[in-house]
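Written below as structure tokens is the structure these notes are about.
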Amino acid sequence: MKFLQKLAFGLVAWLQFVVLVLGKERAPSALPVHDNGLNKVVQWDRHSFLIKGERVFFFGGEFHYWRYPVPELWRDVLEKIKAAGFNAFSIYNHWGYHNPAPGVLNFKDGAHNFTSIMTMAKELGLYMFIRPGPYINAEANAGGFPLWLTNGAYGSLRNDDPRYTAAWTPYMEAISKIIKPHLITNGGNVVFFQIENELEGQWKGNPMAKIDNPSVENYMDLLEKNARANGIDVPLTHNSPNMQSHSWSKDFSNSKGNVDVSGLDSYPSCWSCNLTECTETNGEYKAYSTANYYDYFQVDSPTQPNFMPEFQGGSYNPWGGPQGGCSADIWTDFANLFYRDLIAQRVTGISLYMVFGGTSWGWHAAPVTGTSYDYASPIQENRTIGDKYYETKLLAQFTRAAKDLSFTDRIGNGTSYTTNAAIMASELRNPDTNAGFYVTRHRDSTSSTVETFKLKANISGSILTIPQYDSGIKLNGHQSKILVTEFEFGNKLLLYSTAEVLTYSVQDKKGTLVLWVPTGESGEFAIDGVKNGRVISRDGSTSIGIYSGQSNVTITFQQTRGSSLVELDDGTRVILLDRSAAYRLWSPVLGNNPSADADDTILVQGPYLVRSAKLEDDELHLEGDLDDVTMITVYAPKLVQTIKWNGKEISTERIKPGIFNGKIGSKVEYKLPELGEWIFSDSLPEIRNDYQAGSEAWIIAGNKATQNPNKPASNNPVLYVDDYNIHNGYHVFRATFPTTSLPPSGVYLNVRGGTAFGYSTWLNGKFIGSWLGSPSLSLHGIDFSFANATLRPQGDNTLVVVMDNSGHDQRSAALNPRGIVNATLLGTGNYTFKEWKIAGTAGREKALDQFRGPLNEGGLWAERIGAHLPDCPDKYWRSATNLTVPGPGVRVFRTYMPLQIPQGLDVSVSFRLTAPPEKNKFRALLFVNGYQYARFNPYIGHQIDFPVPPGILNYKGDNVIAVTMFSQSVDEAELKLTWNTDYVHSSSYNFAFDSQHLHANWTEARLMYS
């Protein structure tokens, strides 16, 4: 048989060559193996990356530690990533988070110290892509730039301007030195270092003309030299944001600034729930429309792996978007179809953006996103895992187990592979082992029809139409299937399977193969080297047919909900699952090798989550989470006598040596106490007639000129907050002007604050109007009449403007100013303002709270004096029965809530903020133990549920919850606030850790900013 296989393979190779010469596919050529010239630890060729000589199919996902400021929880995320079958993950570092002011670098306080993430990558066995910027985009405030960079004084940014170079150099030097010890070349698991992000400026005009853009090329070259000078000796990478730019690839050009390995971003279903945002790049959107990446890579990087450092994991939810996010087109079907389509196009490096989005606590988000950054990710914002996670897990586990997938040629693609013209297949084949991978889908990827077909598969040199005994293979709607041929598992050869391979494990030198089909569908597979098998167990009404051959066995099955087990005559086992059972099949790795060899894994069926497995003599220790009482089946080595779940021995029934059945868990509950009682204080003393704007909070806005390229009105001083080292959150403007014989009738204000921003105005303590905001407008001007206010008969009048700045724009638009563009007194006279002052964050750029960081708070009186922080004095505050503001103004509310959540529980807590439609013209901020965890703009809409993780919430003690309400209407504003448990799970993870070190308290220095 082996001789015939070799002979057949030689014939197949010759036939493939003939087909390729005829032009159906580009012929595989003997292209070189590359390295970066510094070492050979990480290498690459046209097929894949090699780590220490071993080929790797990278499948990972992104998460952002600065969006999740509890270091004790980062391991929880990474364990969930590992458990799903991913072998890698990616992080952005955030320049603005670590460098809040010129000369101030913070890599030590709380979540600013990200070193433990790199340590955990090694401990858990995950490769790591690190992306430090300087620019990251990430829907972050100013795209991750420090906000002090946005005032125009550093040029147009992202080029070789010496001022900009001097700005980023200290940060990039410092972060490179922190990363260096964790590189794979130094014994860590960091394998790639990305330079910049989505920068497509290498060329002037059409990239195909290759007309150099020196200022941007020099910038990339400076960044690369900086990385190398500071010890970064792994491959430098970059990601292009579309298939038109062709920037920074050594295969495409030899121009300055090229990186070692170039990659491509793609968001085929739009990166936002607001589809109009993507039309310029994606064109008119059509759901489930795939793109041709294969041909792009043939032009851009033909001697490099087809590498996607970012591929769509979901979409962010913009202001005004749907409650709960935009999962309609990017949920389980998207994960099934699009991720398999990448494999069809021979992509061997994938990082999903995002695998866990987290929450944009504080003002981390750019104006487009509001507070949530759930991103419809596999791991959701409240840390739950559900169908999107499990569906993605099906493919991640397969790519980890299918070692041959990292070295394939695409032989062809089209409908000729199938018996149904509506269905196409792409054939990938490993030239060393002849393993075949047929990726099947609808020819029209947007089609949602139910189709049945058979596949014409090349098996050992012969075309075999499969299935042989079953009626056909089904594709139900937006689905894809990867069907394998000549797939080795253990010491056996799977000749073909019309069911998908989930994974396989080898115990006691015998393989256990796991196959799955969608619930109610059928499958057929053939295994070489055995002639028969028998059914050990079947769940439900599953039918199984066994057909013996001369040297192989073919088995058909119809799978309802559940699992079945077939044992072949040599002891090899095959587990048959429907989709729901496959969702709960885990293959934990016994060590920390990212390659996860089959003989280092076991199989566990049933639990909500299996985090880890460890063998100690004859004891198997499993750790994980449960959402209910759960039946568990374990496939382990025969030496195992005892199984422990989260440290406790479980009662099991041994079905066969190495196969155990049991029951684990119990129903767990936890009830939150009711919120309240509330106390409150006024938070807008600035409009009082007796208020003196003389504290440290205020700065005189007297600049006559700005370096910002966007110039203000000529009749004003510069009223851009960034010009005065004020950048974030709420700002209070206070202007004076004298009374004249011909008094002004009003004021025209034109204010820029980002989409969803808003502002209100008072004259001499009287409310004169508001701009309530819009999810689409970032600049708005309006006349405010003085008819309802009274000008003073003599002396100065005081105009107060309270502005909610929703964040800075991204890319070059980061220079768009925030503040008042034009303030003009209206009337027939010649009027001028006497003086302008601005109050912003306490300490301005050098915020008093360096622990939580500069993006956590703004310039409202309550924030400046620290009313959101634990231990702020509130003895003389008044009690409140509900959260209301009777008219225009600002109030701050506080309550104290103790929690005692038992060890061993994962309790996910969300705050729900709602408002009656007739009382919703306000803006609210929610602070939990000093951390801003909700920006609620009910008039504009979308999000009402705001998850707050353990660590921010103290699970073992007191919690201080504060709310500011900025009412923008003469009508009463009312906020309804509750907190709820999204789920209660039992868990091996310690969520009741001591989090007091994260809750930096109030200090008397705050009083200087009243």
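Residue numbers start at 1 in each chain; chains themselves are named A, B, ... in the order of the structure tokens; ligands are numbered from 1 in the order shown.
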
Review point. Mind checking DSSP for stretch 911-1006 of chain A and telling me the helix (DSSP H, G or I) residues as a ChimeraX atom specification?
Key: /A:917-919,996-998,1004-1006

Would you put the residues from that selection into a file with N, CA and C atoms, as a short mmCIF file (atom, residue, chain, number, x, y, z; two decimals), in the first residue's frame?
data_model
loop_
_atom_site.label_atom_id
_atom_site.label_comp_id
_atom_site.auth_asym_id
_atom_site.auth_seq_id
_atom_site.Cartn_x
_atom_site.Cartn_y
_atom_site.Cartn_z
N PRO A 917 -38.12 58.28 28.30
CA PRO A 917 -37.91 59.09 27.10
C PRO A 917 -38.13 60.58 27.31
N GLU A 918 -39.06 60.93 28.18
CA GLU A 918 -39.35 62.34 28.41
C GLU A 918 -38.36 63.00 29.37
N LYS A 919 -37.43 62.20 29.94
CA LYS A 919 -36.46 62.73 30.90
C LYS A 919 -35.04 62.30 30.55
N GLN A 996 -7.58 45.73 46.60
CA GLN A 996 -7.43 47.05 47.20
C GLN A 996 -6.30 47.85 46.58
N HIS A 997 -5.25 47.17 46.11
CA HIS A 997 -4.13 47.89 45.52
C HIS A 997 -4.52 48.61 44.23
N LEU A 998 -5.66 48.23 43.64
CA LEU A 998 -6.12 48.89 42.42
C LEU A 998 -6.95 50.13 42.71
N GLU A 1004 -5.92 64.99 49.81
CA GLU A 1004 -6.28 66.39 50.02
C GLU A 1004 -5.80 67.29 48.89
N ALA A 1005 -4.85 66.82 48.08
CA ALA A 1005 -4.40 67.63 46.95
C ALA A 1005 -5.54 67.97 46.01
N ARG A 1006 -6.60 67.17 46.04
CA ARG A 1006 -7.75 67.42 45.18
C ARG A 1006 -8.42 68.76 45.49
#

Review point. Near A:His868, counting only C-alpha atoms, which residues have an atom at most 8 Å away, once you skip same-chain residues fewer than 2 positions from it, shown as a list in words?
Key: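 The contact residues come out as Ala862, Glu863, Gly866, Pro870, Cys872, Arg894, Phe927, Val928, Asn929, Gly930, Tyr931, Val960, Ile961, Ala962 and Val963 of chain A.
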
Can I get the selection written as an mmCIF file, in the first residue's frame, with C-alpha atoms?
data_model
loop_
_atom_site.group_PDB
_atom_site.id
_atom_site.type_symbol
_atom_site.label_atom_id
_atom_site.label_comp_id
_atom_site.auth_asym_id
_atom_site.auth_seq_id
_atom_site.Cartn_x
_atom_site.Cartn_y
_atom_site.Cartn_z
ATOM 1 C CA ALA A 862 -16.925 66.355 40.997
ATOM 2 C CA GLU A 863 -14.033 64.784 39.106
ATOM 3 C CA GLY A 866 -12.248 63.477 43.523
ATOM 4 C CA PRO A 870 -13.001 56.009 47.478
ATOM 5 C CA CYS A 872 -13.640 61.316 49.321
ATOM 6 C CA ARG A 894 -22.562 58.378 45.674
ATOM 7 C CA PHE A 927 -17.612 55.422 38.409
ATOM 8 C CA VAL A 928 -16.955 52.195 40.310
ATOM 9 C CA ASN A 929 -14.262 52.517 42.970
ATOM 10 C CA GLY A 930 -12.905 55.481 41.042
ATOM 11 C CA TYR A 931 -12.876 53.857 37.590
ATOM 12 C CA VAL A 960 -17.986 53.136 46.184
ATOM 13 C CA ILE A 961 -20.294 53.833 43.249
ATOM 14 C CA ALA A 962 -20.510 57.378 41.952
ATOM 15 C CA VAL A 963 -22.620 58.893 39.185
#

Exercise for review: Please give the complete set of residues from stretch 441-532 of chain A that DSSP, run on the backbone, assigns to strand (DSSP E), formatted as an NGL selection string.
Suggested key: :A and (441-442 or 450-453 or 455-459 or 462-466 or 473-476 or 481-489 or 492-497 or 500-507 or 510-517 or 522-528)

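Counting only C-alpha atoms, the residue from A:Asn703, A:Ser245, A:Asn937, A:Ser879 that sits nearest to A:Gly773 is A:Asn937.
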
Point to revise | Contacts of stretch 779-796 of chain A within 8 Å, only C-alpha atoms, excl. fewer than 2 positions in-chain, as a PyMOL selection string | key: chain A and resi 736-739+743-755+763-764+766-769+771+777+798

Output C-alpha atoms of each residue in that selection to a file, as a CSV table (one decimal), in the first residue's frame.
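Output file selection-v2.csv follows:
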chain,number,residue,atom,x,y,z
A,736,THR,CA,-16.3,87.5,31.1
A,737,PHE,CA,-17.4,90.5,29.1
A,738,PRO,CA,-18.5,94.0,30.2
A,739,THR,CA,-21.9,95.5,30.0
A,743,PRO,CA,-25.8,95.2,25.1
A,744,PRO,CA,-25.4,92.0,23.1
A,745,SER,CA,-28.5,90.0,22.4
A,746,GLY,CA,-26.8,86.6,22.5
A,747,VAL,CA,-23.7,84.6,21.7
A,748,TYR,CA,-22.8,82.4,18.7
A,749,LEU,CA,-20.8,79.3,19.8
A,750,ASN,CA,-19.2,76.9,17.3
A,751,VAL,CA,-17.7,74.0,19.2
A,752,ARG,CA,-15.8,70.9,18.1
A,753,GLY,CA,-15.9,67.9,20.4
A,754,GLY,CA,-16.1,64.7,18.3
A,755,THR,CA,-19.2,62.8,17.4
A,763,LEU,CA,-25.1,83.5,31.4
A,764,ASN,CA,-24.8,85.0,34.9
A,766,LYS,CA,-29.1,81.5,34.0
A,767,PHE,CA,-29.3,78.6,31.5
A,768,ILE,CA,-29.5,79.8,28.0
A,769,GLY,CA,-29.4,76.6,25.9
A,771,TRP,CA,-26.4,71.3,22.0
A,777,LEU,CA,-21.8,65.4,14.1
A,798,THR,CA,-20.0,85.7,33.1

Study note, to complete from the structure: Between A:Asn306, A:Ser289, A:Thr384, A:Asn36, smallest distance to A:Val234 by only C-alpha atoms belongs to A:Asn36

Review point. Which residues come within 8 Å of A:Pro950, counting only C-alpha atoms, excluding same-chain residues fewer than 5 positions away, as a list in words?
Key: Val70, Leu73, Ser908, Tyr955, Phe991 and Ala992 of chain A

Practice item. Quick one: everything within 8 Å of A:Gly591, counting only C-alpha atoms, minus sequence neighbours fewer than 6 positions away in the same chain. Send it as a ChimeraX atom specification. Key: /A:125,600,614
